[in-house]
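These notes are about the structure you will find just below.
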Amino acid sequence: MEERPETPKAATSKTTLILDGTQPEAVDEAARILRSGGLVVFPTETVYGLGANALDPEAVASIFRAKGRPADNPLIAHLSRLEDWSLVASQLPEAASFLFGRFSPGPLTILLPRRPDLPEAVTAGLPRVALRIPSHPLARALIAAAGVPVVAPSANRSGRPSPTSYAMACAEMDGRADAILDGGDCEHGLESTVVSVEASRLRILRPGAISAEMLRDALDSGGPELAALAVEEAAQHAERPASPGMKYAHYRPKAEIRLCASPEPEALAARYPDRRLGFIISGSGSSGGRLVMGPGGSRVLLVADAGEYARLLYRAFHLMDESGVELIFAQEAEERGIGRALMNRLRRAASGRESC
Ligand code: TXA
Ligand code: MG
């Protein structure tokens with residue numbers, strides 16, 4: 001087992017300013033806080049991020065404290081436009097430029113050779129920096145107004161599910177960030193796809209809304225050299241992952257999670273009469289993002305398809321924790337498109353526990 005660097009103790013004593021993203025002055029205020037070294041929680045199209053000025057080593061260090069994040073887990077640098085890539089990277093290889101052209105702004109993160117003068121903590125000492133150009137209008141406006149690249153991990157305390165709504169962002173970061181910019185609910189609900197471009201292949205280090213199929217199709221249309229790249233998913237092995245973040249326990253609510261091909265609430269409620277149960281059921285209608293009552297006082301979230309499932313997964317964890325659910329039976333998704341990202345997060349949330 002690999003030795004873990006010490007996890008910094010979380011700082012919890014700040015007064016957190018709440019900024020309403022519909023107000024024009026909110027973005028300027030948030031940008032001012034970023035420029036002066038503060039931490040701002042802001043919405044993106046994937047999940048809420050905890051932002052800091054990527055060029056300010058003190059500000060970057062304070063992200064690790066606020067999240068209780070291990071120091072060896074690097075951060076994603078966010079820009080408002082690709083033209084600014086040289087603020088964080090020393091090169092933009094052709095394949096990266098092509099893929100950003102196709103999928104950015106949007107939920108795609110690509111590893112690039114880092115600029116040597118970027119603060120060490122951003123990349124946790126690694127030679128490459130992760131870059132993403134988010135599409136959420138508030139995220140782009142904030143980064144543009146700040147005038148600096150913004151590092152932003154998901155705005156959860158380390159190990160917990162990423163916040164995908166304003167309420168969840170507050171539950172995670174009130175008292176830890178200097179400000180929270182309210183931008184409502186996130187569109188995708190799962191973190192961005194992280195890829196690395198190597199000599200003969202494109203490796204997916206973390207699956208997300210930009211799926212392997214979408215990357216394959218894009219490369220096939222990009223000329224013979226790009227079409228020759230193999231698209232591979234990195235093994236999500238716990239001890240030697242390609243992406244440091246993948247070795248830590250992640251995305252876990254307080255409740256225990258079990259995955260089932262098709263959970264049967266009546267039968268499971270009869271089998272576990274003494275436990276407060278939750279169910280996430282896909283493909284039999286939608287409960288509109290709300291929990292409804294199920295058999296034996298259980299709570300049920302119905303999602304119409306894999307897209308809605310992905311968008312609501314972390315919110316379901318949050319709502320079920322709040323209503324005291326102890327054991328969640330979650331339906332497995334088909335492993336294609338966004339379903340791969342969904343199953344990646346579900347397996348991590350359920351890891352080491354029996355299925356049903
Ligand atoms: O959608 C997202 O990507 C969100 C929003 C806020 O943009 N951000 C996010 O950041 O999910 P975070 O820090 O929670 O996850 C970043 C992942 C981690 O698994 C980290 O290990 C990996 O990206 N990563 C970052 N820089 C890396 C690098 N230089 N080499 C390998 N993996 C890296
Ligand atoms: Mg995260």
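By convention in this document, the chains of the structure tokens carry letters A, B, ... by their order, each chain's residues are numbered from 1, and ligands are numbered from 1 in the order they are shown.
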
Tell me which protein, DNA and RNA residues are within 12 Å of A:Arg102, counting only C-alpha atoms, leaving out same-chain ones fewer than 6 positions away, and put them as an mmCIF file with all heavy atoms, in the first residue's frame.
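Result went into result-v3.cif, see below:
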```cif
data_model
loop_
_atom_site.group_PDB
_atom_site.id
_atom_site.type_symbol
_atom_site.label_atom_id
_atom_site.label_comp_id
_atom_site.auth_asym_id
_atom_site.auth_seq_id
_atom_site.Cartn_x
_atom_site.Cartn_y
_atom_site.Cartn_z
ATOM 1 N N LEU A 82 -9.308 29.452 -24.818
ATOM 2 C CA LEU A 82 -8.138 28.625 -25.135
ATOM 3 C C LEU A 82 -6.914 29.463 -25.492
ATOM 4 O O LEU A 82 -5.776 29.083 -25.192
ATOM 5 C CB LEU A 82 -8.476 27.669 -26.284
ATOM 6 C CG LEU A 82 -7.355 26.691 -26.678
ATOM 7 C CD1 LEU A 82 -6.961 25.807 -25.505
ATOM 8 C CD2 LEU A 82 -7.774 25.849 -27.877
ATOM 9 N N ALA A 95 -2.912 17.454 -31.108
ATOM 10 C CA ALA A 95 -4.116 16.688 -30.751
ATOM 11 C C ALA A 95 -4.927 17.417 -29.683
ATOM 12 O O ALA A 95 -6.160 17.437 -29.720
ATOM 13 C CB ALA A 95 -3.733 15.287 -30.274
ATOM 14 N N ALA A 96 -4.216 18.044 -28.723
ATOM 15 C CA ALA A 96 -4.911 18.774 -27.655
ATOM 16 C C ALA A 96 -5.632 19.981 -28.248
ATOM 17 O O ALA A 96 -6.794 20.254 -27.920
ATOM 18 C CB ALA A 96 -3.916 19.206 -26.581
ATOM 19 N N LEU A 108 -14.321 18.982 -20.899
ATOM 20 C CA LEU A 108 -13.137 18.202 -21.259
ATOM 21 C C LEU A 108 -11.892 18.842 -20.654
ATOM 22 O O LEU A 108 -11.654 20.039 -20.827
ATOM 23 C CB LEU A 108 -12.977 18.158 -22.786
ATOM 24 C CG LEU A 108 -11.753 17.359 -23.265
ATOM 25 C CD1 LEU A 108 -11.907 15.875 -22.943
ATOM 26 C CD2 LEU A 108 -11.514 17.564 -24.764
ATOM 27 N N ILE A 133 -11.547 24.547 -20.170
ATOM 28 C CA ILE A 133 -12.255 25.801 -20.449
ATOM 29 C C ILE A 133 -13.744 25.513 -20.236
ATOM 30 O O ILE A 133 -14.392 24.901 -21.088
ATOM 31 C CB ILE A 133 -11.994 26.308 -21.887
ATOM 32 C CG1 ILE A 133 -10.523 26.697 -22.038
ATOM 33 C CG2 ILE A 133 -12.830 27.543 -22.203
ATOM 34 C CD1 ILE A 133 -9.708 25.757 -22.807
ATOM 35 N N ILE A 210 -17.951 13.982 -21.929
ATOM 36 C CA ILE A 210 -17.354 13.771 -23.256
ATOM 37 C C ILE A 210 -16.887 12.317 -23.262
ATOM 38 O O ILE A 210 -15.873 11.973 -22.658
ATOM 39 C CB ILE A 210 -16.157 14.730 -23.501
ATOM 40 C CG1 ILE A 210 -16.553 16.192 -23.266
ATOM 41 C CG2 ILE A 210 -15.607 14.525 -24.921
ATOM 42 C CD1 ILE A 210 -17.610 16.738 -24.199
ATOM 43 N N MET A 214 -17.481 9.798 -28.304
ATOM 44 C CA MET A 214 -17.405 11.153 -28.863
ATOM 45 C C MET A 214 -15.963 11.500 -29.237
ATOM 46 O O MET A 214 -15.699 12.113 -30.279
ATOM 47 C CB MET A 214 -17.955 12.175 -27.856
ATOM 48 C CG MET A 214 -19.460 12.074 -27.653
ATOM 49 S SD MET A 214 -19.966 12.891 -26.121
ATOM 50 C CE MET A 214 -19.889 14.601 -26.600
ATOM 51 N N LEU A 215 -15.016 11.099 -28.388
ATOM 52 C CA LEU A 215 -13.600 11.376 -28.671
ATOM 53 C C LEU A 215 -13.161 10.609 -29.918
ATOM 54 O O LEU A 215 -12.473 11.141 -30.789
ATOM 55 C CB LEU A 215 -12.727 11.002 -27.462
ATOM 56 C CG LEU A 215 -12.939 11.897 -26.228
ATOM 57 C CD1 LEU A 215 -12.379 11.235 -24.972
ATOM 58 C CD2 LEU A 215 -12.283 13.268 -26.442
ATOM 59 N N ARG A 216 -13.584 9.342 -29.997
ATOM 60 C CA ARG A 216 -13.244 8.513 -31.164
ATOM 61 C C ARG A 216 -13.758 9.157 -32.453
ATOM 62 O O ARG A 216 -13.012 9.319 -33.421
ATOM 63 C CB ARG A 216 -13.856 7.116 -30.947
ATOM 64 C CG ARG A 216 -13.703 6.082 -32.035
ATOM 65 C CD ARG A 216 -12.295 5.520 -32.107
ATOM 66 N NE ARG A 216 -11.458 6.321 -32.993
ATOM 67 C CZ ARG A 216 -10.129 6.381 -32.952
ATOM 68 N NH1 ARG A 216 -9.465 5.697 -32.054
ATOM 69 N NH2 ARG A 216 -9.450 7.125 -33.778
ATOM 70 N N ASP A 217 -15.025 9.547 -32.457
ATOM 71 C CA ASP A 217 -15.627 10.156 -33.651
ATOM 72 C C ASP A 217 -14.882 11.427 -34.048
ATOM 73 O O ASP A 217 -14.630 11.673 -35.228
ATOM 74 C CB ASP A 217 -17.101 10.526 -33.404
ATOM 75 C CG ASP A 217 -17.985 9.285 -33.420
ATOM 76 O OD1 ASP A 217 -17.490 8.208 -33.788
ATOM 77 O OD2 ASP A 217 -19.173 9.425 -33.050
ATOM 78 N N ALA A 218 -14.533 12.235 -33.033
ATOM 79 C CA ALA A 218 -13.838 13.498 -33.334
ATOM 80 C C ALA A 218 -12.480 13.197 -33.960
ATOM 81 O O ALA A 218 -12.122 13.789 -34.992
ATOM 82 C CB ALA A 218 -13.674 14.317 -32.057
ATOM 83 N N LEU A 219 -11.719 12.282 -33.361
ATOM 84 C CA LEU A 219 -10.379 11.974 -33.894
ATOM 85 C C LEU A 219 -10.482 11.427 -35.321
ATOM 86 O O LEU A 219 -9.651 11.758 -36.174
ATOM 87 C CB LEU A 219 -9.658 10.960 -32.992
ATOM 88 C CG LEU A 219 -9.259 11.476 -31.604
ATOM 89 C CD1 LEU A 219 -8.720 10.328 -30.748
ATOM 90 C CD2 LEU A 219 -8.213 12.591 -31.697
ATOM 91 N N SER A 221 -12.397 12.219 -37.547
ATOM 92 C CA SER A 221 -12.682 13.268 -38.537
ATOM 93 C C SER A 221 -11.531 14.273 -38.626
ATOM 94 O O SER A 221 -11.632 15.282 -39.311
ATOM 95 C CB SER A 221 -13.963 14.004 -38.145
ATOM 96 O OG SER A 221 -13.702 14.788 -36.991
ATOM 97 N N GLY A 222 -10.421 13.998 -37.916
ATOM 98 C CA GLY A 222 -9.358 15.008 -37.818
ATOM 99 C C GLY A 222 -8.126 14.746 -38.659
ATOM 100 O O GLY A 222 -7.069 15.303 -38.368
#
```

Report task. Just list the residues in stretch 38-174 of chain A DSSP gives strand (DSSP E) on the backbone, as an NGL selection string. Result -> :A and (40-42 or 49-53 or 76-78 or 108-113 or 128-132 or 150-151)

Put those residues in a file: N, CA, C and O atoms, as an mmCIF file, in the first residue's frame.
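Final output, saved to out-v1.cif:
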```
data_model
loop_
_atom_site.group_PDB
_atom_site.id
_atom_site.type_symbol
_atom_site.label_atom_id
_atom_site.label_comp_id
_atom_site.auth_asym_id
_atom_site.auth_seq_id
_atom_site.Cartn_x
_atom_site.Cartn_y
_atom_site.Cartn_z
ATOM 1 N N VAL A 40 -13.235 31.287 -3.974
ATOM 2 C CA VAL A 40 -14.617 31.518 -4.418
ATOM 3 C C VAL A 40 -15.203 30.218 -4.973
ATOM 4 O O VAL A 40 -14.634 29.609 -5.878
ATOM 5 N N VAL A 41 -16.336 29.812 -4.432
ATOM 6 C CA VAL A 41 -17.073 28.673 -4.988
ATOM 7 C C VAL A 41 -17.929 29.194 -6.139
ATOM 8 O O VAL A 41 -18.641 30.186 -5.979
ATOM 9 N N PHE A 42 -17.836 28.545 -7.298
ATOM 10 C CA PHE A 42 -18.611 29.015 -8.462
ATOM 11 C C PHE A 42 -19.156 27.826 -9.244
ATOM 12 O O PHE A 42 -18.598 26.731 -9.218
ATOM 13 N N GLY A 49 -17.129 24.405 -8.488
ATOM 14 C CA GLY A 49 -15.697 24.372 -8.224
ATOM 15 C C GLY A 49 -15.335 25.305 -7.079
ATOM 16 O O GLY A 49 -16.059 26.261 -6.789
ATOM 17 N N LEU A 50 -14.206 25.012 -6.421
ATOM 18 C CA LEU A 50 -13.660 25.890 -5.378
ATOM 19 C C LEU A 50 -12.446 26.580 -6.005
ATOM 20 O O LEU A 50 -11.394 25.957 -6.172
ATOM 21 N N GLY A 51 -12.623 27.852 -6.385
ATOM 22 C CA GLY A 51 -11.618 28.519 -7.208
ATOM 23 C C GLY A 51 -10.622 29.354 -6.426
ATOM 24 O O GLY A 51 -10.937 29.930 -5.383
ATOM 25 N N ALA A 52 -9.390 29.420 -6.978
ATOM 26 C CA ALA A 52 -8.342 30.313 -6.466
ATOM 27 C C ALA A 52 -7.470 30.741 -7.641
ATOM 28 O O ALA A 52 -7.430 30.053 -8.668
ATOM 29 N N ASN A 53 -6.766 31.846 -7.468
ATOM 30 C CA ASN A 53 -5.816 32.312 -8.475
ATOM 31 C C ASN A 53 -4.685 31.289 -8.615
ATOM 32 O O ASN A 53 -3.917 31.065 -7.685
ATOM 33 N N ILE A 76 -7.043 21.217 -11.434
ATOM 34 C CA ILE A 76 -7.297 21.600 -12.828
ATOM 35 C C ILE A 76 -7.248 23.131 -12.921
ATOM 36 O O ILE A 76 -7.887 23.829 -12.128
ATOM 37 N N ALA A 77 -6.487 23.634 -13.904
ATOM 38 C CA ALA A 77 -6.474 25.077 -14.162
ATOM 39 C C ALA A 77 -7.571 25.390 -15.173
ATOM 40 O O ALA A 77 -7.714 24.691 -16.183
ATOM 41 N N HIS A 78 -8.367 26.418 -14.885
ATOM 42 C CA HIS A 78 -9.479 26.807 -15.753
ATOM 43 C C HIS A 78 -9.181 28.154 -16.406
ATOM 44 O O HIS A 78 -8.712 29.083 -15.735
ATOM 45 N N LEU A 108 -14.321 18.982 -20.899
ATOM 46 C CA LEU A 108 -13.137 18.202 -21.259
ATOM 47 C C LEU A 108 -11.892 18.842 -20.654
ATOM 48 O O LEU A 108 -11.654 20.039 -20.827
ATOM 49 N N THR A 109 -11.103 18.022 -19.951
ATOM 50 C CA THR A 109 -9.847 18.469 -19.343
ATOM 51 C C THR A 109 -8.709 17.704 -20.009
ATOM 52 O O THR A 109 -8.782 16.483 -20.138
ATOM 53 N N ILE A 110 -7.663 18.433 -20.452
ATOM 54 C CA ILE A 110 -6.542 17.778 -21.126
ATOM 55 C C ILE A 110 -5.241 18.111 -20.388
ATOM 56 O O ILE A 110 -5.028 19.259 -19.982
ATOM 57 N N LEU A 111 -4.385 17.095 -20.204
ATOM 58 C CA LEU A 111 -3.087 17.328 -19.561
ATOM 59 C C LEU A 111 -2.103 17.867 -20.591
ATOM 60 O O LEU A 111 -1.980 17.322 -21.687
ATOM 61 N N LEU A 112 -1.394 18.929 -20.228
ATOM 62 C CA LEU A 112 -0.413 19.569 -21.117
ATOM 63 C C LEU A 112 0.891 19.737 -20.343
ATOM 64 O O LEU A 112 0.876 19.808 -19.105
ATOM 65 N N PRO A 113 2.025 19.862 -21.051
ATOM 66 C CA PRO A 113 3.277 20.159 -20.331
ATOM 67 C C PRO A 113 3.105 21.479 -19.571
ATOM 68 O O PRO A 113 2.589 22.452 -20.133
ATOM 69 N N ARG A 128 2.969 17.690 -15.804
ATOM 70 C CA ARG A 128 1.892 18.203 -16.646
ATOM 71 C C ARG A 128 0.820 18.910 -15.827
ATOM 72 O O ARG A 128 0.610 18.589 -14.655
ATOM 73 N N VAL A 129 0.169 19.848 -16.494
ATOM 74 C CA VAL A 129 -0.919 20.593 -15.856
ATOM 75 C C VAL A 129 -2.218 20.230 -16.574
ATOM 76 O O VAL A 129 -2.238 20.068 -17.796
ATOM 77 N N ALA A 130 -3.287 20.087 -15.806
ATOM 78 C CA ALA A 130 -4.605 19.800 -16.374
ATOM 79 C C ALA A 130 -5.275 21.123 -16.726
ATOM 80 O O ALA A 130 -5.302 22.044 -15.906
ATOM 81 N N LEU A 131 -5.806 21.231 -17.965
ATOM 82 C CA LEU A 131 -6.435 22.477 -18.414
ATOM 83 C C LEU A 131 -7.861 22.224 -18.875
ATOM 84 O O LEU A 131 -8.129 21.251 -19.587
ATOM 85 N N ARG A 132 -8.742 23.134 -18.470
ATOM 86 C CA ARG A 132 -10.144 23.043 -18.916
ATOM 87 C C ARG A 132 -10.693 24.433 -19.150
ATOM 88 O O ARG A 132 -10.356 25.375 -18.429
ATOM 89 N N VAL A 150 -7.657 30.124 -13.166
ATOM 90 C CA VAL A 150 -8.283 29.788 -11.875
ATOM 91 C C VAL A 150 -8.211 28.277 -11.652
ATOM 92 O O VAL A 150 -8.745 27.509 -12.452
ATOM 93 N N VAL A 151 -7.516 27.863 -10.599
ATOM 94 C CA VAL A 151 -7.547 26.438 -10.252
ATOM 95 C C VAL A 151 -8.827 26.173 -9.486
ATOM 96 O O VAL A 151 -9.229 26.960 -8.635
#
```

Report task. Could you tell me, counting only C-alpha atoms and all ligand atoms, which protein and nucleic acid residues lie no more than 6 Å from ligand 1, written as a PyMOL selection string? Result -> chain A and resi 46-49+73-76+123+126+128-130+152-154+191-192+243-246

Among stretch 141-274 of chain A, which residues does DSSP mark as alpha helix (DSSP H) when it is run on the backbone? Keep the chain and numbering as in the structure and answer as a short mmCIF file (atom, residue, chain, number, x, y, z; two decimals) with all heavy atoms, in the first residue's frame.
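Everything below was put into part.cif:
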```cif
data_model
loop_
_atom_site.label_atom_id
_atom_site.label_comp_id
_atom_site.auth_asym_id
_atom_site.auth_seq_id
_atom_site.Cartn_x
_atom_site.Cartn_y
_atom_site.Cartn_z
N ALA A 141 -17.40 34.15 -17.19
CA ALA A 141 -17.37 35.58 -16.86
C ALA A 141 -16.46 35.82 -15.65
O ALA A 141 -15.69 36.78 -15.62
CB ALA A 141 -18.79 36.07 -16.56
N LEU A 142 -16.51 34.93 -14.68
CA LEU A 142 -15.70 35.09 -13.47
C LEU A 142 -14.20 35.00 -13.81
O LEU A 142 -13.41 35.84 -13.37
CB LEU A 142 -16.08 34.01 -12.44
CG LEU A 142 -15.20 33.95 -11.20
CD1 LEU A 142 -15.29 35.24 -10.40
CD2 LEU A 142 -15.60 32.76 -10.31
N ILE A 143 -13.83 33.99 -14.59
CA ILE A 143 -12.40 33.81 -14.92
C ILE A 143 -11.91 34.99 -15.77
O ILE A 143 -10.82 35.52 -15.54
CB ILE A 143 -12.18 32.46 -15.64
CG1 ILE A 143 -12.63 31.30 -14.75
CG2 ILE A 143 -10.71 32.30 -16.02
CD1 ILE A 143 -12.83 29.99 -15.49
N ALA A 144 -12.75 35.41 -16.71
CA ALA A 144 -12.36 36.55 -17.55
C ALA A 144 -12.19 37.81 -16.71
O ALA A 144 -11.22 38.55 -16.86
CB ALA A 144 -13.40 36.77 -18.65
N ALA A 145 -13.12 38.03 -15.77
CA ALA A 145 -13.04 39.25 -14.94
C ALA A 145 -11.86 39.19 -13.99
O ALA A 145 -11.23 40.21 -13.69
CB ALA A 145 -14.34 39.43 -14.16
N ALA A 146 -11.53 37.98 -13.51
CA ALA A 146 -10.39 37.86 -12.59
C ALA A 146 -9.08 38.15 -13.34
O ALA A 146 -8.12 38.64 -12.76
CB ALA A 146 -10.37 36.46 -11.97
N TYR A 166 -26.60 24.78 -5.68
CA TYR A 166 -26.18 25.84 -4.75
C TYR A 166 -26.29 25.35 -3.30
O TYR A 166 -25.39 25.58 -2.49
CB TYR A 166 -27.05 27.08 -5.00
CG TYR A 166 -26.92 28.11 -3.93
CD1 TYR A 166 -25.73 28.80 -3.76
CD2 TYR A 166 -27.99 28.39 -3.07
CE1 TYR A 166 -25.59 29.75 -2.75
CE2 TYR A 166 -27.86 29.35 -2.08
CZ TYR A 166 -26.66 30.01 -1.92
OH TYR A 166 -26.53 30.94 -0.93
N ALA A 167 -27.39 24.65 -2.98
CA ALA A 167 -27.57 24.18 -1.59
C ALA A 167 -26.45 23.23 -1.19
O ALA A 167 -25.92 23.30 -0.07
CB ALA A 167 -28.93 23.48 -1.45
N MET A 168 -26.05 22.36 -2.10
CA MET A 168 -24.97 21.42 -1.78
C MET A 168 -23.64 22.17 -1.63
O MET A 168 -22.83 21.84 -0.75
CB MET A 168 -24.82 20.37 -2.88
CG MET A 168 -25.96 19.36 -2.92
SD MET A 168 -25.82 18.30 -4.37
CE MET A 168 -24.47 17.21 -3.90
N ALA A 169 -23.42 23.17 -2.48
CA ALA A 169 -22.18 23.94 -2.39
C ALA A 169 -22.09 24.62 -1.03
O ALA A 169 -21.03 24.63 -0.39
CB ALA A 169 -22.11 24.97 -3.52
N CYS A 170 -23.22 25.15 -0.55
CA CYS A 170 -23.23 25.80 0.76
C CYS A 170 -22.97 24.78 1.86
O CYS A 170 -22.20 25.03 2.79
CB CYS A 170 -24.58 26.48 1.03
SG CYS A 170 -24.82 27.93 0.03
N ALA A 171 -23.61 23.62 1.75
CA ALA A 171 -23.44 22.59 2.79
C ALA A 171 -21.96 22.19 2.89
O ALA A 171 -21.46 21.91 3.98
CB ALA A 171 -24.31 21.38 2.49
N GLU A 172 -21.25 22.18 1.77
CA GLU A 172 -19.85 21.77 1.78
C GLU A 172 -18.90 22.89 2.20
O GLU A 172 -17.91 22.65 2.88
CB GLU A 172 -19.43 21.26 0.39
CG GLU A 172 -20.05 19.93 0.00
CD GLU A 172 -19.60 18.77 0.88
OE1 GLU A 172 -18.38 18.64 1.11
OE2 GLU A 172 -20.46 18.01 1.33
N MET A 173 -19.16 24.11 1.73
CA MET A 173 -18.12 25.14 1.81
C MET A 173 -18.43 26.38 2.64
O MET A 173 -17.58 27.27 2.75
CB MET A 173 -17.71 25.58 0.39
CG MET A 173 -16.85 24.55 -0.31
SD MET A 173 -15.26 24.37 0.55
CE MET A 173 -14.91 22.64 0.27
N ALA A 212 -15.93 8.28 -24.56
CA ALA A 212 -14.95 7.65 -25.45
C ALA A 212 -15.46 7.65 -26.89
O ALA A 212 -14.71 7.92 -27.83
CB ALA A 212 -14.69 6.22 -24.97
N GLU A 213 -16.75 7.40 -27.05
CA GLU A 213 -17.34 7.37 -28.40
C GLU A 213 -17.23 8.75 -29.06
O GLU A 213 -16.91 8.85 -30.25
CB GLU A 213 -18.83 6.98 -28.34
CG GLU A 213 -19.10 5.56 -27.86
CD GLU A 213 -19.27 5.44 -26.34
OE1 GLU A 213 -18.70 6.28 -25.59
OE2 GLU A 213 -19.96 4.51 -25.90
N MET A 214 -17.48 9.80 -28.30
CA MET A 214 -17.41 11.15 -28.86
C MET A 214 -15.96 11.50 -29.24
O MET A 214 -15.70 12.11 -30.28
CB MET A 214 -17.96 12.17 -27.86
CG MET A 214 -19.46 12.07 -27.65
SD MET A 214 -19.97 12.89 -26.12
CE MET A 214 -19.89 14.60 -26.60
N LEU A 215 -15.02 11.10 -28.39
CA LEU A 215 -13.60 11.38 -28.67
C LEU A 215 -13.16 10.61 -29.92
O LEU A 215 -12.47 11.14 -30.79
CB LEU A 215 -12.73 11.00 -27.46
CG LEU A 215 -12.94 11.90 -26.23
CD1 LEU A 215 -12.38 11.24 -24.97
CD2 LEU A 215 -12.28 13.27 -26.44
N ARG A 216 -13.58 9.34 -30.00
CA ARG A 216 -13.24 8.51 -31.16
C ARG A 216 -13.76 9.16 -32.45
O ARG A 216 -13.01 9.32 -33.42
CB ARG A 216 -13.86 7.12 -30.95
CG ARG A 216 -13.70 6.08 -32.04
CD ARG A 216 -12.29 5.52 -32.11
NE ARG A 216 -11.46 6.32 -32.99
CZ ARG A 216 -10.13 6.38 -32.95
NH1 ARG A 216 -9.47 5.70 -32.05
NH2 ARG A 216 -9.45 7.13 -33.78
N ASP A 217 -15.02 9.55 -32.46
CA ASP A 217 -15.63 10.16 -33.65
C ASP A 217 -14.88 11.43 -34.05
O ASP A 217 -14.63 11.67 -35.23
CB ASP A 217 -17.10 10.53 -33.40
CG ASP A 217 -17.98 9.28 -33.42
OD1 ASP A 217 -17.49 8.21 -33.79
OD2 ASP A 217 -19.17 9.43 -33.05
N ALA A 218 -14.53 12.24 -33.03
CA ALA A 218 -13.84 13.50 -33.33
C ALA A 218 -12.48 13.20 -33.96
O ALA A 218 -12.12 13.79 -34.99
CB ALA A 218 -13.67 14.32 -32.06
N LEU A 219 -11.72 12.28 -33.36
CA LEU A 219 -10.38 11.97 -33.89
C LEU A 219 -10.48 11.43 -35.32
O LEU A 219 -9.65 11.76 -36.17
CB LEU A 219 -9.66 10.96 -32.99
CG LEU A 219 -9.26 11.48 -31.60
CD1 LEU A 219 -8.72 10.33 -30.75
CD2 LEU A 219 -8.21 12.59 -31.70
N ASP A 220 -11.49 10.61 -35.57
CA ASP A 220 -11.65 10.02 -36.91
C ASP A 220 -11.88 11.08 -37.97
O ASP A 220 -11.58 10.86 -39.15
CB ASP A 220 -12.80 9.01 -36.92
CG ASP A 220 -12.42 7.72 -36.21
OD1 ASP A 220 -11.19 7.50 -36.01
OD2 ASP A 220 -13.31 6.95 -35.83
N PRO A 224 -5.43 11.75 -40.85
CA PRO A 224 -4.87 10.43 -40.60
C PRO A 224 -4.10 10.30 -39.29
O PRO A 224 -4.19 9.29 -38.60
CB PRO A 224 -3.95 10.19 -41.81
CG PRO A 224 -3.96 11.43 -42.63
CD PRO A 224 -5.02 12.34 -42.13
N GLU A 225 -3.34 11.34 -38.89
CA GLU A 225 -2.55 11.20 -37.66
C GLU A 225 -3.42 11.09 -36.42
O GLU A 225 -3.16 10.29 -35.53
CB GLU A 225 -1.61 12.38 -37.50
CG GLU A 225 -0.30 12.12 -38.19
CD GLU A 225 0.68 13.25 -38.01
OE1 GLU A 225 0.74 13.81 -36.90
OE2 GLU A 225 1.38 13.56 -38.99
N LEU A 226 -4.47 11.90 -36.38
CA LEU A 226 -5.37 11.85 -35.23
C LEU A 226 -6.21 10.57 -35.27
O LEU A 226 -6.43 9.92 -34.23
CB LEU A 226 -6.28 13.08 -35.19
CG LEU A 226 -5.54 14.40 -34.96
CD1 LEU A 226 -6.50 15.58 -35.06
CD2 LEU A 226 -4.86 14.41 -33.60
N ALA A 227 -6.62 10.17 -36.46
CA ALA A 227 -7.43 8.96 -36.59
C ALA A 227 -6.64 7.72 -36.15
O ALA A 227 -7.21 6.73 -35.71
CB ALA A 227 -7.92 8.80 -38.02
N PRO A 265 -37.87 -2.50 -4.88
CA PRO A 265 -38.12 -1.86 -3.59
C PRO A 265 -38.97 -2.70 -2.64
O PRO A 265 -38.63 -2.80 -1.45
CB PRO A 265 -38.81 -0.55 -3.97
CG PRO A 265 -38.30 -0.25 -5.35
CD PRO A 265 -38.13 -1.59 -6.00
N GLU A 266 -40.05 -3.32 -3.14
CA GLU A 266 -40.93 -4.09 -2.23
C GLU A 266 -40.14 -5.21 -1.55
O GLU A 266 -40.16 -5.35 -0.33
CB GLU A 266 -42.09 -4.74 -3.02
CG GLU A 266 -43.05 -3.75 -3.66
CD GLU A 266 -43.97 -3.10 -2.63
OE1 GLU A 266 -43.99 -3.55 -1.47
OE2 GLU A 266 -44.65 -2.12 -3.01
N ALA A 267 -39.42 -5.99 -2.38
CA ALA A 267 -38.71 -7.15 -1.85
C ALA A 267 -37.58 -6.71 -0.91
O ALA A 267 -37.37 -7.30 0.15
CB ALA A 267 -38.14 -7.97 -3.01
N LEU A 268 -36.87 -5.64 -1.28
CA LEU A 268 -35.74 -5.20 -0.45
C LEU A 268 -36.23 -4.59 0.86
O LEU A 268 -35.63 -4.79 1.92
CB LEU A 268 -34.87 -4.21 -1.23
CG LEU A 268 -34.06 -4.89 -2.36
CD1 LEU A 268 -33.53 -3.88 -3.35
CD2 LEU A 268 -32.91 -5.72 -1.77
N ALA A 269 -37.37 -3.87 0.79
CA ALA A 269 -37.93 -3.31 2.04
C ALA A 269 -38.35 -4.44 2.98
O ALA A 269 -38.18 -4.33 4.20
CB ALA A 269 -39.12 -2.40 1.71
N ALA A 270 -38.85 -5.53 2.41
CA ALA A 270 -39.24 -6.67 3.26
C ALA A 270 -37.99 -7.35 3.84
O ALA A 270 -37.99 -7.81 4.97
CB ALA A 270 -40.06 -7.67 2.44
N ARG A 271 -36.90 -7.33 3.06
CA ARG A 271 -35.69 -8.00 3.53
C ARG A 271 -34.94 -7.19 4.60
O ARG A 271 -34.24 -7.73 5.44
CB ARG A 271 -34.74 -8.25 2.34
CG ARG A 271 -33.73 -9.33 2.68
CD ARG A 271 -32.60 -9.50 1.69
NE ARG A 271 -32.97 -9.60 0.30
CZ ARG A 271 -32.10 -9.43 -0.70
NH1 ARG A 271 -30.84 -9.14 -0.45
NH2 ARG A 271 -32.50 -9.53 -1.94
#
```

Query raised in the report: Rounded to one decimal in Å, what is the spacing between atom CA of A:Ala310 and atom CA of A:His188?
Result: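 Atom CA of A:Ala310 sits 6.7 Å away from atom CA of A:His188.
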
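Among the candidate residues A:Ser80, A:Asn344, A:Ser323, A:Ser196, the one lying nearest to A:Pro149 is A:Ser80, with distances computed using only C-alpha atoms.
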
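Each of A:Phe64, A:Ala26, A:Gly288, A:Glu94 was checked against A:Gly223 using only C-alpha atoms; the smallest atom-to-atom distance is that of A:Glu94.
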